[in-house]
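Engineer: My structure file entry_34.tsv, TSV, C-alpha atoms, is below:
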chain	number	residue	atom	x	y	z
P	1118	MET	CA	61.80	61.20	39.29
P	1119	ALA	CA	61.58	58.85	42.24
P	1120	ALA	CA	58.15	58.29	43.67
P	1121	THR	CA	57.52	57.98	47.36
P	1122	ASN	CA	55.82	54.69	48.34
P	1123	ALA	CA	55.78	53.72	44.63
P	1124	VAL	CA	53.09	56.28	43.88
P	1125	PRO	CA	53.95	57.60	40.42
P	1126	PHE	CA	54.20	61.32	39.86
P	1127	GLN	CA	51.28	62.46	37.78
P	1128	LEU	CA	51.61	65.63	35.75
P	1129	VAL	CA	48.32	67.48	35.66
P	1130	GLU	CA	47.93	68.75	32.13
P	1131	ASN	CA	46.41	72.19	31.94
P	1132	GLU	CA	45.34	73.81	28.71
P	1133	PHE	CA	43.67	76.80	30.30
P	1134	ILE	CA	45.78	79.12	32.47
P	1135	PRO	CA	43.88	81.47	34.78
P	1136	PHE	CA	45.30	84.98	34.66
P	1137	THR	CA	44.18	87.84	36.83
P	1138	PRO	CA	45.45	91.20	35.61
P	1139	TRP	CA	47.95	92.61	38.09
P	1140	HIS	CA	46.91	96.22	38.68
P	1141	VAL	CA	48.30	96.89	42.16
P	1142	PRO	CA	52.10	97.14	42.00
P	1143	ALA	CA	54.21	95.54	44.72
P	1144	PRO	CA	54.83	98.81	46.64
P	1145	GLU	CA	51.08	99.15	47.13
P	1146	ALA	CA	50.12	95.47	47.33
P	1147	LYS	CA	49.03	93.48	50.36
P	1148	THR	CA	51.27	90.51	49.66
P	1149	ALA	CA	50.56	86.99	50.90
P	1150	LEU	CA	53.16	84.26	51.15
P	1151	VAL	CA	52.50	80.60	50.36
P	1152	THR	CA	55.24	78.00	50.37
P	1153	THR	CA	55.34	74.32	49.47
P	1154	GLY	CA	58.25	73.81	51.84
P	1155	GLY	CA	56.51	71.73	54.50
P	1156	VAL	CA	56.83	74.45	57.13
P	1157	TYR	CA	54.99	74.06	60.42
P	1158	LEU	CA	54.87	75.61	63.88
P	1159	LYS	CA	56.88	73.90	66.59
P	1160	ASN	CA	55.82	73.65	70.24
P	1161	GLY	CA	52.99	71.26	69.36
P	1162	LEU	CA	50.90	74.00	67.76
P	1163	HIS	CA	50.90	72.29	64.37
P	1164	GLN	CA	51.17	68.65	63.48
P	1165	PRO	CA	54.25	68.13	61.29
P	1166	PHE	CA	53.48	67.14	57.71
P	1167	ALA	CA	53.34	63.38	57.19
P	1168	ALA	CA	56.53	61.99	55.69
P	1169	ASP	CA	54.75	59.62	53.33
P	1170	ALA	CA	53.95	62.30	50.76
P	1171	ALA	CA	50.22	61.76	51.14
P	1172	ASP	CA	49.67	64.89	53.19
P	1173	GLN	CA	48.03	67.50	51.00
P	1174	THR	CA	46.79	69.70	53.84
P	1175	PHE	CA	48.19	73.09	54.75
P	1176	ARG	CA	49.35	75.00	57.81
P	1177	GLU	CA	48.43	78.59	58.60
P	1178	PHE	CA	50.76	81.11	60.26
P	1179	PRO	CA	50.16	84.58	61.66
P	1180	SER	CA	52.51	86.80	59.70
P	1181	VAL	CA	54.15	87.95	62.95
P	1182	VAL	CA	55.52	84.45	63.55
P	1183	GLU	CA	59.25	84.25	64.30
P	1184	GLY	CA	61.65	82.02	62.42
P	1185	ASP	CA	62.73	80.20	65.57
P	1186	ASP	CA	59.18	78.87	65.96
P	1187	LEU	CA	59.24	77.17	62.57
P	1188	ALA	CA	60.41	73.76	61.40
P	1189	VAL	CA	60.20	71.82	58.13
P	1190	ALA	CA	59.01	68.29	57.32
P	1191	HIS	CA	59.39	67.47	53.65
P	1192	PRO	CA	60.73	64.28	52.03
P	1193	GLY	CA	61.55	65.97	48.73
P	1194	TYR	CA	64.48	68.23	49.47
P	1195	GLU	CA	67.57	68.50	51.62
P	1196	PRO	CA	66.38	70.36	54.74
P	1197	ALA	CA	69.78	71.67	55.86
P	1198	TYR	CA	69.39	75.05	54.15
P	1199	ALA	CA	65.91	75.65	55.54
P	1200	GLN	CA	67.01	74.52	58.97
P	1201	ALA	CA	69.84	77.06	58.83
P	1202	ASP	CA	67.56	79.86	57.60
P	1203	ILE	CA	63.84	79.32	57.13
P	1204	ASN	CA	63.72	82.34	54.81
P	1205	VAL	CA	65.23	80.31	51.97
P	1206	VAL	CA	61.90	78.48	51.63
P	1207	PHE	CA	59.54	80.75	53.57
P	1208	PRO	CA	60.75	84.36	53.20
P	1209	LEU	CA	58.24	85.94	55.53
P	1210	GLN	CA	60.87	87.97	57.34
P	1211	ARG	CA	62.23	89.20	54.02
P	1212	LEU	CA	58.76	90.37	52.98
P	1213	HIS	CA	58.39	92.30	56.23
P	1214	GLU	CA	61.77	93.94	55.57
P	1215	LEU	CA	60.67	94.91	52.06
P	1216	ALA	CA	57.45	96.31	53.51
P	1217	GLN	CA	59.46	98.44	55.94
P	1218	THR	CA	61.46	99.91	53.08
P	1219	GLY	CA	58.35	100.49	50.97
P	1220	TYR	CA	59.10	97.96	48.28
P	1221	VAL	CA	56.08	95.91	49.34
P	1222	GLY	CA	52.91	97.67	50.46
P	1223	SER	CA	52.14	95.35	53.37
P	1224	VAL	CA	52.28	91.70	54.32
P	1225	ALA	CA	48.98	89.79	54.54
P	1226	PRO	CA	48.09	88.81	58.13
P	1227	PHE	CA	48.43	85.08	57.46
P	1228	ALA	CA	50.90	82.98	55.51
P	1229	TYR	CA	50.51	79.35	54.46
P	1230	SER	CA	52.55	76.24	53.88
P	1231	PHE	CA	51.87	73.06	52.00
P	1232	MET	CA	54.21	70.11	51.77
P	1233	GLY	CA	54.54	70.02	48.01
P	1234	HIS	CA	55.95	66.52	47.53
P	1235	ILE	CA	52.60	65.30	46.21
P	1236	PRO	CA	52.66	62.72	43.42
P	1237	GLN	CA	48.90	62.78	42.82
P	1238	PRO	CA	47.37	66.05	43.98
P	1239	VAL	CA	43.65	65.26	43.89
P	1240	ALA	CA	42.80	66.56	47.37
P	1241	LEU	CA	45.02	69.57	46.81
P	1242	LEU	CA	43.11	70.45	43.67
P	1243	SER	CA	39.64	69.80	45.00
P	1244	ASN	CA	39.91	71.10	48.55
P	1245	TYR	CA	43.05	72.53	50.00
P	1246	ALA	CA	44.28	74.89	47.28
P	1247	PRO	CA	40.81	76.50	46.89
P	1248	SER	CA	40.59	76.75	50.67
P	1249	VAL	CA	43.81	78.79	50.87
P	1250	ALA	CA	42.70	80.90	47.88
P	1251	TYR	CA	39.44	81.65	49.66
P	1252	ARG	CA	41.29	82.67	52.82
P	1253	LEU	CA	43.64	84.98	50.91
P	1254	LYS	CA	40.70	86.60	49.15
P	1255	ARG	CA	38.86	87.13	52.40
P	1256	MET	CA	41.87	88.78	54.06
P	1257	GLY	CA	42.16	91.22	51.16
P	1258	ALA	CA	45.46	90.05	49.69
P	1259	THR	CA	46.17	91.71	46.34
P	1260	LEU	CA	49.26	89.69	45.44
P	1261	ALA	CA	50.45	86.19	46.33
P	1262	LEU	CA	54.02	84.93	46.24
P	1263	VAL	CA	54.18	81.14	45.95
P	1264	ILE	CA	57.48	79.36	46.60
P	1265	ALA	CA	58.22	75.91	45.12
P	1266	THR	CA	60.92	74.15	47.12
P	1267	GLY	CA	61.40	70.55	45.97
P	1268	THR	CA	60.88	68.99	42.54
P	1269	TYR	CA	57.25	67.84	42.84
P	1270	ASP	CA	56.56	71.15	44.53
P	1271	HIS	CA	56.60	72.94	41.20
P	1272	GLN	CA	53.36	71.24	40.29
P	1273	ALA	CA	51.85	71.69	43.75
P	1274	GLY	CA	52.88	75.35	43.74
P	1275	ALA	CA	51.44	75.88	40.28
P	1276	LEU	CA	48.12	74.30	41.28
P	1277	VAL	CA	47.93	76.51	44.35
P	1278	ALA	CA	48.83	79.57	42.27
P	1279	ARG	CA	46.16	78.70	39.74
P	1280	ALA	CA	43.52	78.39	42.48
P	1281	ILE	CA	44.55	81.76	43.94
P	1282	GLU	CA	44.47	83.35	40.51
P	1283	LEU	CA	40.98	81.96	39.94
P	1284	ALA	CA	39.97	83.75	43.14
P	1285	GLY	CA	41.06	87.02	41.53
P	1286	ILE	CA	44.50	87.49	43.09
P	1287	PRO	CA	47.58	87.72	40.84
P	1288	THR	CA	50.34	85.28	41.74
P	1289	ILE	CA	54.04	84.74	41.18
P	1290	LEU	CA	55.52	81.24	41.45
P	1291	LEU	CA	59.24	81.03	42.23
P	1292	GLY	CA	60.90	77.75	41.30
P	1293	THR	CA	64.28	76.14	40.69
P	1294	ASP	CA	63.43	73.75	37.83
P	1295	LYS	CA	62.86	75.60	34.58
P	1296	ALA	CA	61.53	72.62	32.59
P	1297	LEU	CA	58.96	71.84	35.26
P	1298	LEU	CA	57.94	75.47	35.57
P	1299	GLU	CA	57.24	75.49	31.85
P	1300	ALA	CA	55.34	72.20	32.07
P	1301	VAL	CA	53.06	73.03	35.01
P	1302	ARG	CA	51.86	76.32	33.49
P	1303	ALA	CA	51.41	78.59	36.44
P	1304	PRO	CA	50.03	82.05	35.61
P	1305	ARG	CA	53.37	83.81	36.26
P	1306	SER	CA	56.59	81.93	36.98
P	1307	VAL	CA	60.09	83.02	37.83
P	1308	PHE	CA	63.03	80.62	37.60
P	1309	VAL	CA	66.23	80.95	39.54
P	1310	LYS	CA	69.22	78.63	39.27
P	1311	HIS	CA	69.36	77.65	42.93
P	1312	PRO	CA	69.20	74.15	44.39
P	1313	ALA	CA	65.94	72.55	45.52
P	1314	GLY	CA	65.46	73.41	49.17
P	1315	ALA	CA	66.89	76.93	48.84
P	1316	PRO	CA	65.00	78.84	46.15
P	1317	LEU	CA	65.85	82.17	47.79
P	1318	GLY	CA	69.55	81.33	47.79
P	1319	ASN	CA	72.21	80.93	50.39
P	1320	PRO	CA	71.05	80.76	54.01
P	1321	GLY	CA	71.64	83.97	55.90
P	1322	ASN	CA	72.32	86.11	52.83
P	1323	VAL	CA	69.70	88.71	53.68
P	1324	GLY	CA	70.78	91.20	51.03
P	1325	LYS	CA	70.63	88.60	48.26
P	1326	HIS	CA	67.19	87.40	49.36
P	1327	GLN	CA	65.83	90.94	49.35
P	1328	TYR	CA	67.41	91.74	46.00
P	1329	LEU	CA	66.06	88.51	44.49
P	1330	LEU	CA	62.53	89.29	45.67
P	1331	ARG	CA	62.71	92.81	44.27
P	1332	GLU	CA	63.93	91.46	40.92
P	1333	LEU	CA	61.21	88.81	41.01
P	1334	PHE	CA	58.46	91.39	41.49
P	1335	ASP	CA	59.92	93.57	38.74
P	1336	ALA	CA	60.18	90.65	36.30
P	1337	ALA	CA	56.67	89.36	36.95
P	1338	TRP	CA	55.19	92.86	36.65
P	1339	GLN	CA	56.27	92.85	32.98
P	1340	PHE	CA	54.22	89.73	32.12
P	1341	GLU	CA	51.38	90.51	29.75
P	1342	ALA	CA	50.27	86.94	29.03
P	1343	PRO	CA	49.74	83.82	31.16
P	1344	GLY	CA	52.16	80.92	31.37
P	1345	LEU	CA	55.39	82.86	30.91
P	1346	VAL	CA	58.58	82.00	32.79
P	1347	ALA	CA	61.15	84.69	33.55
P	1348	GLU	CA	64.70	83.82	34.55
P	1349	LEU	CA	66.59	85.71	37.21
P	1350	PRO	CA	70.38	86.09	36.80
P	1351	PHE	CA	71.35	84.73	40.20
P	1352	ALA	CA	73.91	82.01	40.82
P	1353	TRP	CA	74.27	79.67	43.76
P	1354	ASN	CA	77.48	80.29	45.60
P	1355	GLY	CA	76.92	78.07	48.59
P	1356	GLN	CA	78.84	75.01	49.64
E	1457	MET	CA	57.44	86.57	71.41
E	1458	SER	CA	57.37	82.89	70.56
E	1459	THR	CA	53.99	81.51	69.49
E	1460	GLY	CA	54.70	78.73	71.99
E	1461	ASP	CA	53.91	81.26	74.72
E	1462	TRP	CA	50.60	82.41	73.21
E	1463	VAL	CA	47.57	81.79	75.39
E	1464	GLN	CA	44.33	80.00	74.70
E	1465	VAL	CA	41.23	82.22	74.55
E	1466	PHE	CA	38.76	80.01	72.72
E	1467	GLU	CA	38.05	76.36	71.99
E	1468	THR	CA	35.45	74.69	69.81
E	1469	GLY	CA	34.84	71.55	67.79
E	1470	ASP	CA	33.10	73.50	65.06
E	1471	ASP	CA	35.19	74.70	62.09
E	1472	LEU	CA	32.69	77.35	61.06
E	1473	GLN	CA	32.46	78.79	64.57
E	1474	MET	CA	36.25	78.95	64.66
E	1475	GLU	CA	36.27	80.75	61.31
E	1476	PHE	CA	33.89	83.35	62.73
E	1477	VAL	CA	35.97	83.91	65.87
E	1478	ARG	CA	39.23	83.94	63.94
E	1479	GLY	CA	37.82	86.57	61.59
E	1480	LEU	CA	36.51	88.65	64.50
E	1481	LEU	CA	39.92	88.82	66.15
E	1482	THR	CA	42.06	89.26	63.05
E	1483	THR	CA	39.93	92.06	61.65
E	1484	ASN	CA	40.56	93.82	64.95
E	1485	GLY	CA	44.29	93.43	64.53
E	1486	ILE	CA	44.89	90.50	66.86
E	1487	PRO	CA	47.17	87.80	65.44
E	1488	VAL	CA	45.99	84.27	66.12
E	1489	VAL	CA	47.15	80.69	65.85
E	1490	VAL	CA	44.56	77.98	65.43
E	1491	GLN	CA	45.69	74.66	66.84
E	1492	ARG	CA	43.87	71.49	65.91
E	1493	THR	CA	44.04	68.57	68.30
E	1494	GLY	CA	42.89	65.01	67.93
E	1495	ALA	CA	42.22	65.12	64.20
E	1496	LYS	CA	43.79	65.75	60.84
E	1497	GLU	CA	45.36	69.19	60.54
E	1498	MET	CA	43.31	71.96	58.90
E	1499	GLY	CA	39.93	70.46	58.19
E	1500	ILE	CA	38.09	71.09	54.99
E	1501	ILE	CA	36.11	74.30	55.05
E	1502	PHE	CA	34.21	73.56	51.85
E	1503	GLY	CA	32.16	70.52	52.75
E	1504	VAL	CA	32.25	68.26	55.75
E	1505	ALA	CA	34.06	69.72	58.72
E	1506	ALA	CA	36.81	67.68	60.28
E	1507	THR	CA	36.38	66.21	63.73
E	1508	GLY	CA	38.54	67.13	66.71
E	1509	SER	CA	39.06	70.17	68.83
E	1510	LEU	CA	40.18	73.61	67.67
E	1511	ILE	CA	42.05	75.89	70.04
E	1512	LEU	CA	42.63	79.55	69.29
E	1513	ARG	CA	45.68	81.26	70.83
E	1514	VAL	CA	46.71	84.91	70.94
E	1515	PRO	CA	49.77	86.79	72.27
E	1516	PRO	CA	49.54	87.20	76.08
E	1517	ASP	CA	49.54	91.00	75.89
E	1518	LEU	CA	46.42	90.90	73.69
E	1519	GLU	CA	44.55	88.29	75.74
E	1520	GLN	CA	42.28	90.77	77.52
E	1521	GLN	CA	41.42	92.58	74.29
E	1522	ALA	CA	40.64	89.25	72.63
E	1523	LEU	CA	38.39	88.13	75.48
E	1524	GLU	CA	36.49	91.43	75.37
E	1525	LEU	CA	35.96	91.05	71.63
E	1526	LEU	CA	34.76	87.48	72.09
E	1527	GLU	CA	32.34	88.65	74.77
E	1528	SER	CA	30.98	91.40	72.55
E	1529	GLY	CA	30.72	88.97	69.63
E	1530	ALA	CA	28.80	86.48	71.78
E	1531	ALA	CA	26.45	89.22	72.98
E	1532	GLU	CA	25.71	90.30	69.42
E	1533	THR	CA	24.99	86.70	68.43
E	1534	GLU	CA	22.55	86.30	71.32
E	1535	GLU	CA	20.70	89.50	70.37
E	1536	GLU	CA	20.13	88.14	66.85
Starting from the file, lay out its structure as structure tokens.
Structural biologist:
Amino acid sequence: MAATNAVPFQLVENEFIPFTPWHVPAPEAKTALVTTGGVYLKNGLHQPFAADAADQTFREFPSVVEGDDLAVAHPGYEPAYAQADINVVFPLQRLHELAQTGYVGSVAPFAYSFMGHIPQPVALLSNYAPSVAYRLKRMGATLALVIATGTYDHQAGALVARAIELAGIPTILLGTDKALLEAVRAPRSVFVKHPAGAPLGNPGNVGKHQYLLRELFDAAWQFEAPGLVAELPFAWNGQ
Amino acid sequence: MSTGDWVQVFETGDDLQMEFVRGLLTTNGIPVVVQRTGAKEMGIIFGVAATGSLILRVPPDLEQQALELLESGAAETEEE
């Protein structure tokens, strides 16, 4: 793996995996969304994430935010897919659609983004991941969906998921690198064979995104032990 | 409506005060965006607060409701 600014990627080794029992099924859950996709608000409302991979902070979004207001800054994946359809890395609109059809109980009032290309996630571990976990707990979220976008993001996403799980909220981490998902030991992980930068799949394929999320919730609901990785049978059919 | 059109209803340099106001509005169903200016984005809430200014924005159609809530929140704080 290439390291930005010669900072080597450091795998945080975790023996213990936090695991909060998931009692509230998706159709009743207040679901929060957290991405590692480097999403931020345009119009000067948020500072873009720094391109040097040292930025371990997060951005907060009201869940009513519109896709046109969002942009991405992330050195670890090809941004074309996210620029075409932000839902491939930040499926907030898809969650609202699932809430309207009753497949998700409700969407938490705030969503969050990190920029997950973090070689050495010390500040993420000590400050920013617990800060987001605390916010999700305070807003009454009962389920958190965490999206890993680039390669390093699998570790960042897992660390965020672990912090949220320690706060008592069950999590599901969606990623596109099976070996890394197994290595980073998130509480519940779901792998899909899509390219980095488009974990939800092809831009604009609303039906596929919704179906993938429904399958993801169903697969993760079956987990009875921490650290498992389910695989969804989706294929990339983009360009 | 684009968040770029949301209007400012509150400004502070204090992270904890912003957390209080943000909670007051969101628990009353008003979506908010917190904009940080002049400092690193999203200061640490466990530990030392970041420097800089925090601006809270709400949708224009909820501005009046937000201001009334802020007024009532300020009055309650003064009574204590």
Engineer: Could you tell me how far CA of Ala1273 (chain P) sits from CA of Pro1287 (chain P), in Å to one decimal place?
Structural biologist: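 It comes out at 16.8 Å.
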Engineer: Go through P:Asp1185, P:Asp1169, P:Asp1335, P:Glu1130 and flag the residue nearest chain E, using all atoms listed in the file for the distances.
Structural biologist: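 Selected residue with least distance to chain E: P:Asp1185.
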Engineer: Residues within 9 Å of region 1513-1526 of chain E, please, as a ChimeraX atom specification. Count all atoms listed in the file; anything in the same chain fewer than 6 positions from it doesn't count.
Structural biologist: /E:1457-1459,1461-1466,1477,1480-1481,1484,1486-1491
Engineer: Residues near Gly1469 (chain E), anyone? I mean within 6 Å using only C-alpha atoms, not counting same-chain ones fewer than 6 positions away, as a ChimeraX atom specification.
Structural biologist: /E:1508-1510
Engineer: Residues around (58.2, 82.6, 61.9), cut-off 10 Å, counting only C-alpha atoms - what are they as a list of chain:residue names?
Structural biologist: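 Checked against the point, the hits come out as P:Val1156, P:Tyr1157, P:Leu1158, P:Lys1159, P:Phe1178, P:Pro1179, P:Ser1180, P:Val1181, P:Val1182, P:Glu1183, P:Gly1184, P:Asp1185, P:Asp1186, P:Leu1187, P:Ala1188, P:Ile1203, P:Asn1204, P:Phe1207, P:Pro1208, P:Leu1209, P:Gln1210, P:Ala1228, E:Ser1458, E:Thr1459.
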Engineer: Figure out the distance between CA of Gly1485 (chain E) and CA of Glu1527 (chain E), please, to one decimal in Å.
Structural biologist: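 Spanning CA of Glu1527 (chain E) to CA of Gly1485 (chain E) is a straight-line distance of 16.4 Å.
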Engineer: Might you pull out every residue within 9 Å of Trp1353 (chain P), with only C-alpha atoms counted and same-chain residues fewer than 6 positions away left off, and present them as a list of chain:residue names?
Structural biologist: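 My reading of the contact set: P:Lys1310, P:His1311, P:Pro1312, P:Gly1318, P:Asn1319.
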Engineer: Return the single residue from E:Thr1483, E:Leu1512, E:Arg1492, E:Gln1473 that is closest to Ala1530 (chain E), with distances computed using all atoms listed in the file.
Structural biologist: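 Answer, going by the shortest atom-to-atom distance: E:Gln1473.
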Engineer: Taking into account only C-alpha atoms, which residue in the set P:Glu1282, P:Glu1332, P:Asp1202, P:Glu1348 is nearest to Thr1137 (chain P)?
Structural biologist: P:Glu1282
Engineer: Place a sphere of radius 8 Å on (42.7, 88.7, 42.9) in the file coordinates and name every protein, DNA or RNA residue with an atom inside or on its surface, counting only C-alpha atoms; give the answer as a list in words.
Structural biologist: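 So the residues meeting the distance criterion are Thr1137, Lys1254, Ala1258, Thr1259, Leu1260, Ile1281, Glu1282, Leu1283, Ala1284, Gly1285, Ile1286 and Pro1287 of chain P.
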Engineer: Could I get the residues of chain P with an atom no further than 12 Å from an atom of chain E, each paired with its nearest atom pair and that distance in Å to one decimal, using all atoms listed in the file, sorted by chain and residue number, as JSON lines?
Structural biologist:
{"residue": "P:Tyr1157", "atom": "CA", "partner": "E:Glu1497", "partner_atom": "CA", "distance": 10.8}
{"residue": "P:Leu1158", "atom": "CA", "partner": "E:Thr1459", "partner_atom": "CA", "distance": 8.2}
{"residue": "P:Lys1159", "atom": "CA", "partner": "E:Gly1460", "partner_atom": "CA", "distance": 7.6}
{"residue": "P:Asn1160", "atom": "CA", "partner": "E:Gly1460", "partner_atom": "CA", "distance": 5.5}
{"residue": "P:Gly1161", "atom": "CA", "partner": "E:Gly1460", "partner_atom": "CA", "distance": 8.1}
{"residue": "P:Leu1162", "atom": "CA", "partner": "E:Gln1491", "partner_atom": "CA", "distance": 5.3}
{"residue": "P:His1163", "atom": "CA", "partner": "E:Gln1491", "partner_atom": "CA", "distance": 6.2}
{"residue": "P:Gln1164", "atom": "CA", "partner": "E:Glu1497", "partner_atom": "CA", "distance": 6.5}
{"residue": "P:Pro1165", "atom": "CA", "partner": "E:Glu1497", "partner_atom": "CA", "distance": 9.0}
{"residue": "P:Phe1166", "atom": "CA", "partner": "E:Glu1497", "partner_atom": "CA", "distance": 8.8}
{"residue": "P:Ala1167", "atom": "CA", "partner": "E:Glu1497", "partner_atom": "CA", "distance": 10.4}
{"residue": "P:Asp1172", "atom": "CA", "partner": "E:Glu1497", "partner_atom": "CA", "distance": 9.5}
{"residue": "P:Gln1173", "atom": "CA", "partner": "E:Glu1497", "partner_atom": "CA", "distance": 10.0}
{"residue": "P:Thr1174", "atom": "CA", "partner": "E:Met1498", "partner_atom": "CA", "distance": 6.5}
{"residue": "P:Phe1175", "atom": "CA", "partner": "E:Met1498", "partner_atom": "CA", "distance": 6.5}
{"residue": "P:Arg1176", "atom": "CA", "partner": "E:Met1498", "partner_atom": "CA", "distance": 6.8}
{"residue": "P:Glu1177", "atom": "CA", "partner": "E:Val1489", "partner_atom": "CA", "distance": 7.7}
{"residue": "P:Phe1178", "atom": "CA", "partner": "E:Val1489", "partner_atom": "CA", "distance": 6.7}
{"residue": "P:Pro1179", "atom": "CA", "partner": "E:Pro1487", "partner_atom": "CA", "distance": 5.8}
{"residue": "P:Ser1180", "atom": "CA", "partner": "E:Pro1487", "partner_atom": "CA", "distance": 7.9}
{"residue": "P:Val1181", "atom": "CA", "partner": "E:Pro1487", "partner_atom": "CA", "distance": 7.4}
{"residue": "P:Val1182", "atom": "CA", "partner": "E:Thr1459", "partner_atom": "CA", "distance": 6.8}
{"residue": "P:Glu1183", "atom": "CA", "partner": "E:Ser1458", "partner_atom": "CA", "distance": 6.7}
{"residue": "P:Gly1184", "atom": "CA", "partner": "E:Ser1458", "partner_atom": "CA", "distance": 9.2}
{"residue": "P:Asp1185", "atom": "CA", "partner": "E:Ser1458", "partner_atom": "CA", "distance": 7.8}
{"residue": "P:Asp1186", "atom": "CA", "partner": "E:Ser1458", "partner_atom": "CA", "distance": 6.4}
{"residue": "P:Leu1187", "atom": "CA", "partner": "E:Thr1459", "partner_atom": "CA", "distance": 9.7}
{"residue": "P:Ala1225", "atom": "CA", "partner": "E:Thr1482", "partner_atom": "CA", "distance": 11.0}
{"residue": "P:Pro1226", "atom": "CA", "partner": "E:Pro1487", "partner_atom": "CA", "distance": 7.4}
{"residue": "P:Phe1227", "atom": "CA", "partner": "E:Pro1487", "partner_atom": "CA", "distance": 8.5}
{"residue": "P:Ala1228", "atom": "CA", "partner": "E:Val1489", "partner_atom": "CA", "distance": 11.2}
{"residue": "P:Tyr1229", "atom": "CA", "partner": "E:Met1498", "partner_atom": "CA", "distance": 11.2}
{"residue": "P:Ser1230", "atom": "CA", "partner": "E:Met1498", "partner_atom": "CA", "distance": 11.4}
{"residue": "P:Phe1231", "atom": "CA", "partner": "E:Met1498", "partner_atom": "CA", "distance": 11.0}
{"residue": "P:Ala1240", "atom": "CA", "partner": "E:Ile1500", "partner_atom": "CA", "distance": 10.0}
{"residue": "P:Leu1241", "atom": "CA", "partner": "E:Ile1500", "partner_atom": "CA", "distance": 10.8}
{"residue": "P:Ser1243", "atom": "CA", "partner": "E:Phe1502", "partner_atom": "CA", "distance": 9.5}
{"residue": "P:Asn1244", "atom": "CA", "partner": "E:Ile1500", "partner_atom": "CA", "distance": 6.7}
{"residue": "P:Tyr1245", "atom": "CA", "partner": "E:Ile1500", "partner_atom": "CA", "distance": 7.2}
{"residue": "P:Ala1246", "atom": "CA", "partner": "E:Ile1500", "partner_atom": "CA", "distance": 10.6}
{"residue": "P:Pro1247", "atom": "CA", "partner": "E:Phe1502", "partner_atom": "CA", "distance": 8.8}
{"residue": "P:Ser1248", "atom": "CA", "partner": "E:Ile1501", "partner_atom": "CA", "distance": 6.7}
{"residue": "P:Val1249", "atom": "CA", "partner": "E:Ile1501", "partner_atom": "CA", "distance": 9.8}
{"residue": "P:Ala1250", "atom": "CA", "partner": "E:Ile1501", "partner_atom": "CA", "distance": 11.8}
{"residue": "P:Tyr1251", "atom": "CA", "partner": "E:Ile1501", "partner_atom": "CA", "distance": 9.7}
{"residue": "P:Arg1252", "atom": "CA", "partner": "E:Glu1475", "partner_atom": "CA", "distance": 10.0}
{"residue": "P:Arg1255", "atom": "CA", "partner": "E:Gly1479", "partner_atom": "CA", "distance": 9.3}
{"residue": "P:Met1256", "atom": "CA", "partner": "E:Thr1483", "partner_atom": "CA", "distance": 8.5}
{"residue": "P:Gly1257", "atom": "CA", "partner": "E:Thr1483", "partner_atom": "CA", "distance": 10.8}
Engineer: Quick check, in Å to one decimal: how far apart do CA of Leu1317 (chain P) and CA of Val1205 (chain P) lie?
Structural biologist: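 Separation of CA of Leu1317 (chain P) and CA of Val1205 (chain P): 4.6 Å.
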Engineer: Box along x, y and z, 3 Å on every side, all listed atoms of region 1478-1490 of chain E inside: centre and edge lengths in Å to one decimal, as AutoDock Vina command-line options.
Structural biologist:
--center_x 41.8 --center_y 85.9 --center_z 64.2 --size_x 16.7 --size_y 21.8 --size_z 11.3
Engineer: Using all atoms listed in the file, which protein or nucleic acid residues come within 10 Å of Glu1341 (chain P)? Drop anything in the same chain fewer than 2 positions from it, and give the result as a PyMOL selection string.
Structural biologist: chain P and resi 1136+1138-1139+1305+1337-1339+1343-1345
